[in-house]
>>> print(open('input_13.txt').read())   # compact mmCIF, C-alpha atoms
# COMPACT_ATOMS: atom_id res chain seq x y z
CA MET A 1 51.26 -6.62 -5.19
CA ARG A 2 47.61 -6.80 -6.28
CA ASP A 3 46.25 -3.78 -8.16
CA TYR A 4 43.24 -1.90 -6.83
CA GLN A 5 41.00 -2.86 -9.80
CA SER A 6 41.32 -6.61 -9.19
CA VAL A 7 40.63 -6.18 -5.47
CA ALA A 8 37.60 -4.01 -6.25
CA ASP A 9 36.38 -6.64 -8.72
CA ALA A 10 36.63 -9.32 -6.02
CA VAL A 11 34.64 -7.24 -3.54
CA ALA A 12 32.06 -6.39 -6.23
CA GLU A 13 31.61 -10.09 -6.97
CA GLU A 14 31.11 -10.79 -3.26
CA ILE A 15 28.36 -8.12 -3.21
CA ARG A 16 26.69 -9.54 -6.33
CA SER A 17 26.77 -13.11 -4.97
CA GLY A 18 25.22 -12.08 -1.65
CA GLY A 19 28.32 -12.64 0.47
CA LEU A 20 28.09 -8.96 1.35
CA ARG A 21 24.53 -7.76 1.85
CA PRO A 22 23.02 -4.24 1.59
CA GLY A 23 23.78 -2.43 4.84
CA ASP A 24 26.88 -4.53 5.66
CA ARG A 25 29.76 -2.40 6.91
CA LEU A 26 33.17 -2.77 5.30
CA PRO A 27 36.16 -2.81 7.68
CA PRO A 28 38.23 0.34 8.18
CA GLN A 29 40.64 0.85 5.30
CA ARG A 30 43.76 -0.04 7.33
CA GLU A 31 42.18 -3.33 8.42
CA PHE A 32 40.99 -3.99 4.83
CA ALA A 33 44.54 -3.41 3.56
CA ARG A 34 45.97 -5.83 6.12
CA ARG A 35 43.41 -8.55 5.28
CA HIS A 36 44.08 -8.32 1.55
CA GLY A 37 47.84 -7.84 1.73
CA ILE A 38 47.78 -4.45 0.00
CA ALA A 39 49.08 -1.00 0.79
CA ASN A 40 46.89 1.49 2.63
CA SER A 41 46.93 3.75 -0.42
CA THR A 42 45.69 0.83 -2.57
CA ALA A 43 42.87 0.17 -0.09
CA THR A 44 41.86 3.82 -0.40
CA ARG A 45 41.66 3.48 -4.19
CA VAL A 46 39.59 0.25 -3.81
CA TYR A 47 37.06 2.06 -1.63
CA GLN A 48 36.93 4.95 -4.09
CA GLU A 49 36.35 2.54 -6.98
CA LEU A 50 33.53 0.70 -5.16
CA ALA A 51 31.84 4.04 -4.44
CA ARG A 52 32.29 5.10 -8.09
CA ARG A 53 30.51 1.91 -9.20
CA GLY A 54 27.62 2.72 -6.86
CA LEU A 55 28.23 -0.40 -4.74
CA THR A 56 29.08 1.35 -1.46
CA ALA A 57 28.37 4.59 0.35
CA GLY A 58 30.45 6.32 3.00
CA GLU A 59 28.86 7.85 6.08
CA VAL A 60 30.87 10.38 8.07
CA GLY A 61 31.77 9.02 11.48
CA ARG A 62 30.28 5.58 10.78
CA GLY A 63 32.24 4.02 7.92
CA THR A 64 31.58 2.51 4.50
CA PHE A 65 28.47 0.41 3.82
CA VAL A 66 27.21 -1.80 0.99
CA ARG A 67 24.41 -0.04 -0.89
CA ALA A 68 21.12 -1.59 -1.93
CA ALA A 69 20.86 -2.39 -5.64
CA SER A 70 19.82 0.44 -7.91
CA PRO A 71 16.28 0.21 -9.32
CA ALA A 72 15.91 -1.46 -12.69
CA ALA A 73 15.82 0.76 -15.73
CA ALA A 74 12.41 1.71 -17.06
CA PRO A 75 11.16 -1.07 -19.32
CA ALA A 76 10.78 -0.59 -23.03
CA LEU A 77 7.16 -1.08 -24.01
CA THR A 78 7.73 -3.24 -27.03
CA GLU A 79 6.22 -6.56 -28.00
CA PRO A 80 7.24 -9.09 -26.90
CA ALA A 81 8.15 -7.39 -23.60
CA THR A 82 11.15 -8.54 -21.61
CA THR A 83 10.24 -6.56 -18.48
CA ARG A 84 6.93 -5.63 -16.93
CA VAL A 85 5.17 -2.41 -15.94
CA ASP A 86 3.05 -3.19 -12.89
CA LEU A 87 -0.30 -1.40 -12.82
CA GLU A 88 -1.75 -4.16 -10.61
CA LEU A 89 -0.01 -3.82 -7.24
CA ASN A 90 -0.26 -0.27 -5.96
CA TYR A 91 2.51 0.80 -3.56
CA PRO A 92 3.42 4.51 -3.61
CA VAL A 93 7.07 5.40 -3.03
CA VAL A 94 8.43 8.94 -3.18
CA PRO A 95 12.11 9.85 -3.73
CA GLU A 96 12.70 11.21 -0.23
CA GLN A 97 11.10 8.20 1.47
CA SER A 98 14.14 6.02 2.27
CA ALA A 99 16.29 8.87 3.59
CA LEU A 100 13.53 10.11 5.88
CA LEU A 101 12.75 6.66 7.22
CA ALA A 102 16.41 5.86 7.78
CA GLU A 103 16.91 9.07 9.73
CA GLY A 104 13.93 8.28 11.93
CA LEU A 105 15.24 4.79 12.66
CA ALA A 106 18.72 5.94 13.69
CA GLY A 107 17.76 6.17 17.35
CA LEU A 108 16.43 2.62 17.34
CA LEU A 109 19.83 1.23 16.35
CA ARG A 110 21.38 1.94 19.75
CA PRO A 111 21.77 -1.39 21.59
CA ASP A 112 19.52 -0.35 24.49
CA ALA A 113 16.75 0.96 22.22
CA LEU A 114 17.02 -2.03 19.88
CA ALA A 115 16.78 -4.47 22.79
CA GLN A 116 13.54 -2.79 23.85
CA ALA A 117 12.18 -2.71 20.28
CA LEU A 118 12.79 -6.44 19.77
CA ARG A 119 10.67 -7.50 22.76
CA PRO A 120 7.21 -9.02 22.13
CA ALA A 121 4.23 -6.68 21.86
CA GLY A 122 0.52 -7.12 22.39
CA ALA A 123 -2.41 -5.91 20.32
CA ALA A 124 -2.89 -2.87 22.56
CA ALA A 125 0.83 -1.93 22.58
CA LEU A 126 1.80 1.05 24.76
CA PRO A 127 -0.14 4.24 25.62
CA ALA A 128 2.52 6.45 23.96
CA VAL A 129 2.29 4.43 20.75
CA GLN A 130 -1.51 4.52 20.86
CA ASP A 131 -1.36 8.29 21.21
CA SER A 132 0.92 8.57 18.17
CA ALA A 133 -1.40 6.26 16.23
CA ALA A 134 -4.35 8.50 17.08
CA ASP A 135 -2.48 11.42 15.54
CA ILE A 136 -1.72 9.37 12.41
CA LEU A 137 -5.39 8.40 11.99
CA ALA A 138 -6.87 11.84 12.71
CA ALA A 139 -8.87 13.25 9.79
CA GLY A 140 -11.43 16.00 9.17
CA GLY A 141 -11.47 17.18 12.77
CA TRP A 142 -11.89 13.62 14.11
CA ARG A 143 -9.28 11.94 16.31
CA PRO A 144 -9.86 8.48 17.75
CA ASP A 145 -9.63 7.77 21.46
CA PRO A 146 -6.08 6.35 21.82
CA ALA A 147 -7.32 3.77 24.33
CA ARG A 148 -9.56 2.28 21.61
CA ILE A 149 -6.67 1.56 19.22
CA LEU A 150 -5.41 -2.00 18.70
CA PHE A 151 -2.56 -3.08 16.42
CA ALA A 152 -1.93 -5.87 13.93
CA GLY A 153 1.04 -6.90 11.82
CA ASN A 154 -0.52 -5.29 8.74
CA GLY A 155 -3.82 -4.10 7.32
CA ARG A 156 -4.82 -7.44 5.80
CA GLN A 157 -4.33 -9.19 9.13
CA ALA A 158 -6.40 -6.51 10.81
CA ILE A 159 -9.27 -6.98 8.32
CA ALA A 160 -9.20 -10.76 8.67
CA ALA A 161 -9.13 -10.69 12.47
CA VAL A 162 -11.92 -8.12 12.75
CA ILE A 163 -14.18 -10.05 10.37
CA ALA A 164 -13.45 -13.29 12.22
CA ALA A 165 -14.46 -11.60 15.47
CA LEU A 166 -17.71 -10.20 14.04
CA VAL A 167 -18.99 -12.81 11.58
CA PRO A 168 -19.28 -16.49 12.55
CA PRO A 169 -18.77 -19.27 9.98
CA GLY A 170 -21.79 -19.63 7.71
CA ALA A 171 -23.04 -16.10 8.42
CA ARG A 172 -23.38 -13.13 6.04
CA LEU A 173 -21.16 -10.09 5.55
CA GLY A 174 -22.52 -7.24 3.44
CA VAL A 175 -19.98 -5.70 1.04
CA GLU A 176 -20.03 -3.15 -1.76
CA GLU A 177 -20.74 -4.87 -5.07
CA LEU A 178 -17.21 -3.97 -6.17
CA THR A 179 -14.78 -4.51 -3.32
CA TYR A 180 -11.20 -5.18 -2.23
CA PRO A 181 -10.22 -8.52 -3.84
CA VAL A 182 -8.44 -9.89 -0.75
CA LEU A 183 -11.79 -9.81 1.06
CA ARG A 184 -13.03 -12.67 -1.10
CA ALA A 185 -10.09 -14.86 -0.02
CA ILE A 186 -10.65 -13.93 3.64
CA ALA A 187 -14.35 -14.81 3.38
CA ALA A 188 -13.58 -18.18 1.76
CA ARG A 189 -11.08 -19.04 4.47
CA LEU A 190 -13.48 -18.08 7.27
CA GLY A 191 -16.46 -19.83 5.65
CA ILE A 192 -18.67 -16.74 5.49
CA THR A 193 -20.95 -15.50 2.70
CA LEU A 194 -20.35 -12.16 1.03
CA VAL A 195 -23.54 -10.33 0.15
CA PRO A 196 -23.06 -7.74 -2.65
CA LEU A 197 -24.71 -4.41 -1.91
CA PRO A 198 -25.61 -1.92 -4.67
CA MET A 199 -23.67 1.30 -5.12
CA ASP A 200 -24.23 4.56 -6.97
CA GLY A 201 -22.10 7.63 -7.67
CA GLU A 202 -21.87 8.39 -3.93
CA GLY A 203 -20.79 4.92 -2.86
CA LEU A 204 -22.70 2.26 -0.90
CA ILE A 205 -26.48 2.83 -0.84
CA PRO A 206 -27.58 2.77 2.83
CA ASP A 207 -31.09 1.51 2.07
CA ALA A 208 -29.49 -1.50 0.34
CA VAL A 209 -28.04 -2.51 3.72
CA ASP A 210 -31.50 -2.31 5.26
CA GLU A 211 -33.03 -4.41 2.47
CA ALA A 212 -30.32 -7.08 2.54
CA HIS A 213 -30.61 -7.39 6.31
CA ALA A 214 -34.37 -7.78 6.04
CA ALA A 215 -33.95 -10.62 3.54
CA ALA A 216 -31.55 -12.50 5.84
CA PRO A 217 -29.58 -11.06 8.77
CA LEU A 218 -26.21 -9.48 8.13
CA HIS A 219 -23.65 -9.75 10.91
CA ALA A 220 -21.61 -6.80 9.65
CA VAL A 221 -20.91 -4.59 6.64
CA TYR A 222 -17.50 -3.97 5.06
CA VAL A 223 -17.22 -0.57 3.39
CA GLN A 224 -14.63 1.82 1.92
CA PRO A 225 -16.19 5.28 2.35
CA ARG A 226 -13.14 7.34 1.28
CA LEU A 227 -11.31 6.76 -2.02
CA HIS A 228 -12.95 3.41 -2.61
CA ASN A 229 -10.83 0.75 -4.30
CA PRO A 230 -11.35 0.37 -7.29
CA LEU A 231 -13.82 3.23 -7.98
CA SER A 232 -12.10 6.11 -6.10
CA LEU A 233 -15.51 7.23 -4.76
CA THR A 234 -15.81 9.17 -1.51
CA MET A 235 -19.10 9.25 0.39
CA PRO A 236 -20.58 12.73 0.88
CA THR A 237 -21.25 13.64 4.51
CA ALA A 238 -25.03 13.23 4.12
CA ARG A 239 -24.57 9.70 2.76
CA ALA A 240 -22.22 8.76 5.63
CA GLU A 241 -24.72 10.11 8.17
CA ARG A 242 -27.54 8.12 6.57
CA LEU A 243 -25.44 4.93 6.64
CA ALA A 244 -24.70 5.58 10.31
CA GLU A 245 -28.45 5.82 10.99
CA VAL A 246 -29.05 2.47 9.29
CA LEU A 247 -26.26 0.79 11.29
CA ARG A 248 -27.71 2.10 14.56
CA LYS A 249 -31.24 1.04 13.62
CA LEU A 250 -30.19 -2.48 12.65
CA GLY A 251 -27.67 -2.83 15.46
CA ILE A 252 -24.92 -4.15 13.17
CA PRO A 253 -21.30 -2.97 12.91
CA ALA A 254 -19.46 -1.64 9.87
CA VAL A 255 -15.84 -2.51 9.13
CA GLU A 256 -14.44 0.70 7.63
CA ASP A 257 -11.38 0.18 5.42
CA ALA A 258 -9.48 3.49 5.52
CA ILE A 259 -6.22 2.31 3.92
CA TRP A 260 -6.27 4.94 1.14
CA SER A 261 -8.01 7.66 3.13
CA PHE A 262 -4.78 9.52 4.01
CA LEU A 263 -4.94 10.91 0.47
CA HIS A 264 -8.31 12.53 1.27
CA ASN A 265 -8.09 13.34 4.96
CA GLU A 266 -10.15 16.53 4.93
CA ARG A 267 -13.31 14.49 5.49
CA PRO A 268 -13.95 12.55 8.74
CA PRO A 269 -14.43 8.79 8.57
CA LEU A 270 -17.66 6.86 9.00
CA ALA A 271 -16.37 6.09 12.50
CA ALA A 272 -16.95 9.75 13.38
CA HIS A 273 -20.65 9.40 12.55
CA ALA A 274 -21.24 5.98 14.13
CA PRO A 275 -18.42 5.48 16.67
CA GLU A 276 -20.13 2.64 18.57
CA HIS A 277 -21.00 0.76 15.37
CA THR A 278 -17.83 1.19 13.31
CA ILE A 279 -14.46 -0.56 13.44
CA LEU A 280 -11.94 1.50 11.48
CA ILE A 281 -8.94 -0.24 9.91
CA ASP A 282 -5.86 1.43 8.50
CA SER A 283 -2.16 0.66 8.01
CA LEU A 284 1.23 2.15 7.21
CA SER A 285 1.75 0.24 3.95
CA LYS A 286 0.50 2.96 1.60
CA ARG A 287 1.02 5.98 3.83
CA VAL A 288 4.62 5.18 4.82
CA ALA A 289 6.21 2.06 3.24
CA PRO A 290 5.13 -1.49 2.35
CA GLY A 291 8.24 -3.19 3.74
CA LEU A 292 7.80 -2.24 7.40
CA THR A 293 4.07 -2.06 7.95
CA LEU A 294 1.64 -1.93 10.82
CA GLY A 295 -2.12 -2.38 11.01
CA PHE A 296 -4.42 -0.16 13.09
CA VAL A 297 -7.85 -1.12 14.46
CA VAL A 298 -10.05 1.50 16.15
CA ALA A 299 -12.64 -0.60 17.97
CA PRO A 300 -15.68 0.40 20.06
CA ALA A 301 -15.34 -0.57 23.71
CA ALA A 302 -18.04 -3.25 23.42
CA LEU A 303 -16.16 -5.05 20.61
CA SER A 304 -12.56 -4.45 21.67
CA ALA A 305 -12.06 -7.61 23.74
CA GLY A 306 -13.35 -9.94 21.02
CA ILE A 307 -11.22 -8.28 18.34
CA SER A 308 -8.14 -8.36 20.56
CA THR A 309 -8.69 -12.08 21.11
CA ALA A 310 -9.05 -12.65 17.37
CA LEU A 311 -5.79 -10.79 16.71
CA ARG A 312 -3.93 -12.97 19.21
CA ALA A 313 -5.56 -16.21 18.05
CA SER A 314 -4.66 -15.56 14.41
CA GLY A 315 -1.03 -14.70 15.17
CA SER A 316 -1.60 -11.15 13.93
CA ALA A 317 0.08 -9.28 16.76
CA PRO A 318 2.39 -6.50 15.56
CA MET A 319 6.17 -6.44 15.72
CA ARG A 320 7.40 -4.25 18.56
CA PHE A 321 10.02 -2.84 16.17
CA ALA A 322 7.27 -1.61 13.81
CA LEU A 323 5.41 -0.04 16.73
CA GLU A 324 8.52 1.79 17.92
CA ALA A 325 9.35 2.89 14.37
CA ALA A 326 5.84 4.22 13.75
CA HIS A 327 5.94 6.11 17.04
CA ARG A 328 9.27 7.74 16.18
CA TRP A 329 8.22 8.56 12.61
CA GLN A 330 5.07 10.23 13.87
CA GLN A 331 6.89 12.17 16.57
CA ASP A 332 9.58 13.51 14.24
CA GLY A 333 7.09 14.45 11.51
CA THR A 334 8.15 11.79 8.99
CA VAL A 335 4.63 10.34 8.62
CA ALA A 336 3.13 13.75 7.87
CA VAL A 337 5.90 14.64 5.40
CA LEU A 338 5.53 11.35 3.51
CA ALA A 339 1.74 11.55 3.43
CA GLU A 340 1.88 15.06 1.99
CA ALA A 341 4.53 14.03 -0.56
CA LYS A 342 2.34 11.14 -1.68
CA ARG A 343 -0.69 13.41 -2.00
CA ARG A 344 1.33 15.57 -4.40
CA ASP A 345 2.63 12.51 -6.21
CA ALA A 346 -0.89 11.10 -6.68
CA VAL A 347 -2.00 14.38 -8.27
CA VAL A 348 0.91 14.25 -10.72
CA ARG A 349 0.13 10.65 -11.67
CA GLN A 350 -3.56 11.43 -12.14
CA GLU A 351 -2.56 14.25 -14.47
CA ILE A 352 -0.48 11.77 -16.50
CA ALA A 353 -3.46 9.40 -16.67
CA ALA A 354 -5.85 12.19 -17.65
CA ARG A 355 -3.54 13.28 -20.45
CA HIS A 356 -3.16 9.83 -22.00
CA LEU A 357 -6.70 8.55 -21.39
CA ASP A 358 -8.55 11.69 -22.39
CA GLY A 359 -11.71 10.78 -24.29
CA PHE A 360 -12.13 7.37 -22.64
CA ALA A 361 -14.66 6.49 -19.92
CA VAL A 362 -12.30 6.78 -16.95
CA GLN A 363 -13.57 7.27 -13.38
CA SER A 364 -11.25 8.49 -10.65
CA ASP A 365 -10.47 11.23 -8.16
CA PRO A 366 -7.58 13.70 -8.63
CA ARG A 367 -6.27 12.60 -5.21
CA SER A 368 -6.38 8.84 -5.87
CA TYR A 369 -3.62 6.42 -6.84
CA HIS A 370 -5.92 4.32 -9.04
CA CYS A 371 -8.55 4.76 -11.72
CA TRP A 372 -11.41 2.72 -13.15
CA TRP A 373 -11.52 2.39 -16.94
CA ARG A 374 -14.70 1.24 -18.68
CA LEU A 375 -13.34 -0.17 -21.91
CA PRO A 376 -14.60 0.87 -25.34
CA HIS A 377 -16.44 -1.54 -27.61
CA PRO A 378 -15.48 -4.14 -28.84
CA TRP A 379 -12.93 -4.78 -26.10
CA ARG A 380 -13.72 -7.21 -23.26
CA ALA A 381 -11.84 -6.90 -20.00
CA ASP A 382 -10.24 -10.35 -20.20
CA THR A 383 -9.09 -9.79 -23.78
CA PHE A 384 -7.71 -6.37 -22.94
CA VAL A 385 -5.80 -7.70 -19.91
CA ALA A 386 -4.22 -10.38 -22.10
CA ALA A 387 -3.33 -7.85 -24.82
CA ALA A 388 -1.82 -5.49 -22.22
CA ALA A 389 0.26 -8.35 -20.84
CA ARG A 390 1.68 -8.98 -24.33
CA HIS A 391 2.96 -5.41 -24.18
CA GLY A 392 4.49 -6.00 -20.76
CA ILE A 393 1.81 -4.16 -18.76
CA GLY A 394 -0.16 -5.70 -15.91
CA VAL A 395 -3.70 -4.41 -15.22
CA VAL A 396 -6.53 -5.82 -13.10
CA PRO A 397 -9.88 -6.87 -14.66
CA ALA A 398 -13.17 -5.87 -13.03
CA ALA A 399 -13.91 -9.53 -12.26
CA ALA A 400 -11.25 -9.42 -9.52
CA PHE A 401 -13.38 -6.88 -7.60
CA THR A 402 -16.82 -8.34 -8.32
CA VAL A 403 -18.68 -10.15 -5.54
CA GLY A 404 -20.80 -13.28 -5.92
CA ASP A 405 -22.61 -14.00 -9.16
CA ASN A 406 -22.81 -10.35 -10.17
CA HIS A 407 -21.89 -9.69 -13.78
CA ALA A 408 -18.47 -8.06 -13.89
CA PRO A 409 -18.38 -4.65 -15.63
CA ASN A 410 -16.37 -4.42 -18.81
CA ALA A 411 -13.62 -2.47 -17.06
CA VAL A 412 -10.12 -2.61 -15.65
CA ARG A 413 -8.48 -0.93 -12.68
CA LEU A 414 -5.20 0.86 -13.25
CA GLY A 415 -2.90 1.22 -10.25
CA LEU A 416 -0.82 4.34 -10.81
CA ALA A 417 1.51 4.23 -7.80
CA THR A 418 4.18 1.63 -8.54
CA PRO A 419 6.00 2.58 -11.80
CA ARG A 420 8.22 5.59 -12.10
CA PRO A 421 6.35 8.50 -13.73
CA ASP A 422 8.16 8.10 -17.05
CA ALA A 423 7.38 4.38 -17.21
CA LEU A 424 3.78 5.10 -16.18
CA SER A 425 3.42 7.64 -18.99
CA GLN A 426 4.78 5.18 -21.56
CA ALA A 427 2.52 2.41 -20.29
CA LEU A 428 -0.63 4.53 -20.39
CA ALA A 429 0.22 5.77 -23.88
CA THR A 430 0.56 2.15 -24.99
CA LEU A 431 -2.74 1.15 -23.36
CA ALA A 432 -4.54 4.09 -24.97
CA GLU A 433 -3.20 3.11 -28.39
CA LEU A 434 -4.23 -0.47 -27.71
CA ALA A 435 -7.78 0.58 -26.74
CA ARG A 436 -8.16 2.56 -29.95
CA SER A 437 -7.41 -0.55 -31.99
CA ALA A 438 -9.71 -3.54 -32.43
CA PRO A 439 -8.89 -6.88 -30.79
CA GLU A 440 -8.68 -8.61 -34.18
CA ASP A 441 -5.96 -6.14 -35.21
CA LEU A 442 -3.67 -7.95 -32.78
CA VAL A 443 -4.23 -11.44 -34.16
CA THR A 444 -1.10 -12.81 -35.80
CA ASP A 445 -0.58 -15.91 -37.91
>>> encode(input="input_13.txt", output="structure tokens")
Amino acid sequence: MRDYQSVADAVAEEIRSGGLRPGDRLPPQREFARRHGIANSTATRVYQELARRGLTAGEVGRGTFVRAASPAAAPALTEPATTRVDLELNYPVVPEQSALLAEGLAGLLRPDALAQALRPAGAAALPAVQDSAADILAAGGWRPDPARILFAGNGRQAIAAVIAALVPPGARLGVEELTYPVLRAIAARLGITLVPLPMDGEGLIPDAVDEAHAAAPLHAVYVQPRLHNPLSLTMPTARAERLAEVLRKLGIPAVEDAIWSFLHNERPPLAAHAPEHTILIDSLSKRVAPGLTLGFVVAPAALSAGISTALRASGSAPMRFALEAAHRWQQDGTVAVLAEAKRRDAVVRQEIAARHLDGFAVQSDPRSYHCWWRLPHPWRADTFVAAAARHGIGVVPAAAFTVGDNHAPNAVRLGLATPRPDALSQALATLAELARSAPEDLVTD
């Protein structure tokens, strides 16, 4: 008779090799015992051992399931580093996230509901889903007209499709002089020219839009009015109203990227000030979870048909499953709970950054998940990025955000969302120590 340890070892190896995947259900214990030629009592001990090792989890009334792998241990910040602390990608995850999302999806796992959720969906989806999306996007007393909401697979697809609909190949798109790096790749693929527009401490300067358009027509402007990436700036109301005036005068639309705005939702978007000249884009990737995302487009009636066509033509239609999930998560309060949890988490992470980077030229907002660090002399951004990498820390140089031939500031952006707080604290302490040294101190024979 086989002992329970050897049987548990065999099942553990099957999990490690991928024969059993996270979420797979193990057979009932009596059936397991019969398959493996062991006693029922031995099967019970096998299941207890697998649970003790953290490989399975039992759910009352449903059975025993293979668990997802535990997160890797926090890396040691030594040189040379064997693991990496990622301050480049910026995806916030809070401890309660998976449990809340799983609970909200339970109803979708019924065969009838799942069959409906796996059907194709269009860019306009369903009125009930549009109404839920309007609640998700509401901010500062503003709520979009649900009928004006279109959907994409994710936020990047939404941005690309909207720009393709507004700006023909060879034409000009005005952008903030420091902007979302993916926009440069989108512009290159579409064959359009990005025109850098000056900024100040309140964000994009509206008169700069007027001047650039006078020099050569702009077809649209891409702007991040709330918690700008990478600068964390938020436009004051007077600045947003002035930009709306310029858009109306020139008759050009603005593409408003609101991906991070859920962290600062007390202020209405630019779309509230210029509803007929603004296309607002948002997604679930930061607000809810990166793995099951959904892009939102709030489009004026006059532009809706063209944008909808661009979404279909680019293959950017959303998954019906994601639409149904978002609707359920909004209805049961999961979206609001996660957004509030991430607002609290961002504050904690900013406090960690402020503690370690005190005395340096750091620009941010207490509600933001990133900060902008102007490096001390004699450091250059490229040298600092390379030195940080030698310590196992990834940061983004200013050049990644700089448009056109503009000189890149001597700065880096730190994404605070991805590492666990303890790993983040260690990483920022290491970066601060690095910045206080001179580059030549790191040269080795």
>>> residues_around(input="input_13.txt", residues="stretch 272-284 of chain A", least_positions_apart="4", cutoff="6 Å", atoms="only C-alpha atoms", output="compact mmCIF listing (two decimals) with C-alpha atoms, in the coordinates of the input")
# COMPACT_ATOMS: atom_id res chain seq x y z
CA GLY A 155 -3.82 -4.10 7.32
CA ALA A 244 -24.70 5.58 10.31
CA PRO A 253 -21.30 -2.97 12.91
CA ALA A 254 -19.46 -1.64 9.87
CA VAL A 255 -15.84 -2.51 9.13
CA GLU A 256 -14.44 0.70 7.63
CA ASP A 257 -11.38 0.18 5.42
CA ALA A 258 -9.48 3.49 5.52
CA ILE A 259 -6.22 2.31 3.92
CA VAL A 288 4.62 5.18 4.82
CA THR A 293 4.07 -2.06 7.95
CA LEU A 294 1.64 -1.93 10.82
CA GLY A 295 -2.12 -2.38 11.01
CA PHE A 296 -4.42 -0.16 13.09
CA VAL A 297 -7.85 -1.12 14.46
CA VAL A 298 -10.05 1.50 16.15
CA ALA A 299 -12.64 -0.60 17.97
CA PRO A 300 -15.68 0.40 20.06
>>> closest_residue(input="input_13.txt", among="A:Leu263, A:Leu166, A:Leu424, A:Ala271", to="A:Leu227", atoms="only C-alpha atoms")
A:Leu263
>>> closest_residue(input="input_13.txt", among="A:Arg349, A:Pro269, A:Lys286, A:Leu87", to="A:Asp422", atoms="only C-alpha atoms")
A:Arg349
>>> atom_distance(input="input_13.txt", atom1="atom CA of A:Ala12", atom2="atom CA of A:Gly291")
26.0 Å
>>> residues_around(input="input_13.txt", residues="A:Ala417", least_positions_apart="5", cutoff="8 Å", atoms="only C-alpha atoms", output="list of chain:residue names")
A:Leu87, A:Asn90, A:Tyr91, A:Pro92, A:Val93, A:Ala346, A:Arg349, A:Tyr369, A:His370
>>> residues_around(input="input_13.txt", residues="A:Ala43", least_positions_apart="5", cutoff="8 Å", atoms="only C-alpha atoms", output="mmCIF file with C-alpha atoms, keeping the file's coordinate frame")
data_model
loop_
_atom_site.group_PDB
_atom_site.id
_atom_site.type_symbol
_atom_site.label_atom_id
_atom_site.label_comp_id
_atom_site.auth_asym_id
_atom_site.auth_seq_id
_atom_site.Cartn_x
_atom_site.Cartn_y
_atom_site.Cartn_z
ATOM 1 C CA TYR A 4 43.240 -1.900 -6.830
ATOM 2 C CA GLN A 29 40.640 0.850 5.300
ATOM 3 C CA ARG A 30 43.760 -0.040 7.330
ATOM 4 C CA PHE A 32 40.990 -3.990 4.830
ATOM 5 C CA ALA A 33 44.540 -3.410 3.560
ATOM 6 C CA ILE A 38 47.780 -4.450 0.000
#
>>> closest_residue(input="input_13.txt", among="A:Asn410, A:Asp9, A:Arg390, A:Gly359", to="A:Arg436", atoms="only C-alpha atoms")
A:Gly359
>>> closest_residue(input="input_13.txt", among="A:Gly170, A:Gly141, A:Gly415, A:Pro378", to="A:Val396", atoms="all atoms listed in the file")
A:Gly415
>>> residues_around(input="input_13.txt", residues="stretch 302-312 of chain A", least_positions_apart="2", cutoff="6 Å", atoms="all atoms listed in the file", output="list in words")
Ala161, Val162, Ala165, Ala299, Pro300, Ser314, Gly315, Ser316 and Ala317 of chain A
>>> closest_residue(input="input_13.txt", among="A:Ala432, A:Val337, A:Leu218, A:Leu233", to="A:Ser368", atoms="only C-alpha atoms")
A:Leu233
>>> closest_residue(input="input_13.txt", among="A:Ala240, A:Val335, A:Ala115, A:Val403", to="A:Leu183", atoms="all atoms listed in the file")
A:Val403
>>> atom_distance(input="input_13.txt", atom1="atom CA of A:Leu250", atom2="atom CA of A:Asp210")
7.5 Å
>>> residues_around(input="input_13.txt", residues="A:Thr234", least_positions_apart="3", cutoff="10 Å", atoms="all atoms listed in the file", output="list in words")
Gly201, Glu202, Gly203, Leu204, Gln224, Pro225, Arg226, Leu227, His228, Leu231, Thr237, Arg239, Ala240, Ser261, His264, Arg267 and Asp365 of chain A
>>> atom_distance(input="input_13.txt", atom1="atom CA of A:Gln130", atom2="atom CA of A:Glu245")
28.7 Å
>>> residues_near_point(input="input_13.txt", point="(-16.4, -14.9, -6.4)", cutoff="12 Å", atoms="only C-alpha atoms", output="number ranges by chain")
A: 177-188, 193-196, 398-408
